[in-house]
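The structure under discussion appears below in the form of structure tokens.
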Amino acid sequence: MEFSPVSSIEMKACPVALSSRTEMFDTWLNYLIEEKTVFWWGGLGRSTEHTAYLQLKSGIKAPESGSIRQNGRAAAEQIGAHIFMDAIPLTFAGDIEKARKYTEMQARVSHDGVAVESACFWAGMEAAAFRERNIGALLEENLYYVKAGQLKDIFYEIMKFCRSKPDFRTAREYLEKRWGYDKFPGNCHVILNTALMLTVLLLGKDSFRDTMQLCVSAGWDTDCNGANLGCLNGIRLGLDALTREFDFRGAVQGFEPCPVRGGGCRLTNDQGKELTVTLGNVK
């Protein structure tokens, strides 16, 4: 799902610098298969992405389609802005500002507030990871761009907490007590999940396996958190890190399926080659 929205960049005839929010939401309407692919189709007011899709279909354009004013804070600040983010910093390797710019553009189709800010932060982390391996240096550079005081305060608190080198259960209990789902509206708020991501990144250090184990063992929005951190550490530590302690590549054979409208499924492997597999009459 992370790679489907980048179609608005790679499939246009005009230069990437001219990409707009209009082209981003056109991608949603042109390539998503309604109630079948890419995200959770949980209904108006329950699924943030489904809600935004319905707004787009009704003629409400981005960024209003994902705004707090249109959909309410509970829907607009769920974690979903993260799940469409990874392909953008992969496109703008090393360039934090462009990664943040296009991530925000995409995120505001469906989200608003701290959810957008969080997605931009992690996009910047991934972009910078192409040229910087050290976690401390990555954080110092990217925290500069964070505008949301709430998010910045949480990140600094977690950095201080992790200096005490807590064990996994202590860290998880701390996160749930401070920012658990019961503290925020909606069913999958971004704050707890972004807090978890930073915590396990700091505790996992330079071990791809340990970071992933801590991340998915914690629960909450497991797939999104694991995918984002996996992408970040895959960039930061290199492909060899995916097999150094455990073979994360073998199970999926290096392929990423991207089901989109058009009767085909794009498969991109980890060697940069692209295939198209015909699925038949997918509408």
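We name chains A, B, ... following the order of the structure tokens; residues begin at 1 in each chain, and ligands are numbered from 1 as shown.
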**OP:** Tell me which protein, DNA and RNA residues are within 7 Å of Ala75 in chain A, counting only C-alpha atoms, leaving out same-chain ones fewer than 3 positions away, and put them as a list in words.
**Re:**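 Neighbouring residues, sequence-local ones excluded: Gly45, Thr48, Asn71, Gly72, Gln78 and Gly186 of chain A.
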Take the residues that were just selected and, keeping N, CA, C and O atoms, output them as an mmCIF file, in the first residue's frame.
data_model
loop_
_atom_site.group_PDB
_atom_site.id
_atom_site.type_symbol
_atom_site.label_atom_id
_atom_site.label_comp_id
_atom_site.auth_asym_id
_atom_site.auth_seq_id
_atom_site.Cartn_x
_atom_site.Cartn_y
_atom_site.Cartn_z
ATOM 1 N N GLY A 45 -16.509 7.812 8.707
ATOM 2 C CA GLY A 45 -16.358 8.160 10.107
ATOM 3 C C GLY A 45 -15.607 7.127 10.934
ATOM 4 O O GLY A 45 -15.217 7.414 12.068
ATOM 5 N N THR A 48 -10.426 6.394 8.354
ATOM 6 C CA THR A 48 -10.018 7.720 7.888
ATOM 7 C C THR A 48 -9.866 7.759 6.372
ATOM 8 O O THR A 48 -10.325 8.693 5.703
ATOM 9 N N ASN A 71 -13.806 16.393 8.623
ATOM 10 C CA ASN A 71 -14.021 15.039 9.137
ATOM 11 C C ASN A 71 -13.941 14.910 10.649
ATOM 12 O O ASN A 71 -14.243 13.839 11.187
ATOM 13 N N GLY A 72 -13.518 15.976 11.331
ATOM 14 C CA GLY A 72 -13.354 15.909 12.779
ATOM 15 C C GLY A 72 -11.950 15.474 13.157
ATOM 16 O O GLY A 72 -11.277 14.759 12.412
ATOM 17 N N GLN A 78 -5.772 9.918 12.996
ATOM 18 C CA GLN A 78 -5.404 8.510 13.105
ATOM 19 C C GLN A 78 -4.082 8.282 12.363
ATOM 20 O O GLN A 78 -3.587 9.152 11.657
ATOM 21 N N GLY A 186 -10.873 8.078 18.638
ATOM 22 C CA GLY A 186 -10.663 7.229 17.476
ATOM 23 C C GLY A 186 -10.142 5.856 17.867
ATOM 24 O O GLY A 186 -9.923 5.562 19.037
#
**OP:** Excluding Thr199 in chain A and residues on its chain fewer than 5 positions from it, collect all residues at most 12 Å away from it, counting only C-alpha atoms, and give them as a PyMOL selection string.
**Re:** chain A and resi 135+154-168+170-175+192-194+204-205+211-212+214-215+218+225+229
Original post:
For Trp41 in chain A, which of A:Ala137, A:Val216, A:Leu196, A:Leu54 is the closest residue, counting only C-alpha atoms?
Top reply: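 When distances to Trp41 in chain A are compared using only C-alpha atoms, the smallest one comes from A:Leu54.
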Original post:
Between A:Ala74, A:Phe121, A:Val109, A:Lys57, which one has atoms that come closest to Lys183 in chain A, using only C-alpha atoms?
Top reply: A:Ala74
Original post:
Leu239 in chain A: which residues within 12 Å, counting only C-alpha atoms, same-chain residues fewer than 3 positions away excluded, as a list in words?
Top reply: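 Answer for this query is Phe208, Gly230, Cys231, Leu232, Asn233, Gly234, Ile235, Arg236, Leu242, Thr243, Arg244, Asp247, Phe248, Arg249, Gly254, Asp270 and Gln271 of chain A.
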**OP:** Please measure the separation of CA of Lys152 in chain A and CA of Leu201 in chain A, giving the value in Å to one decimal.
**Re:**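 Atom-to-atom, CA of Lys152 in chain A to CA of Leu201 in chain A, that is 16.2 Å.
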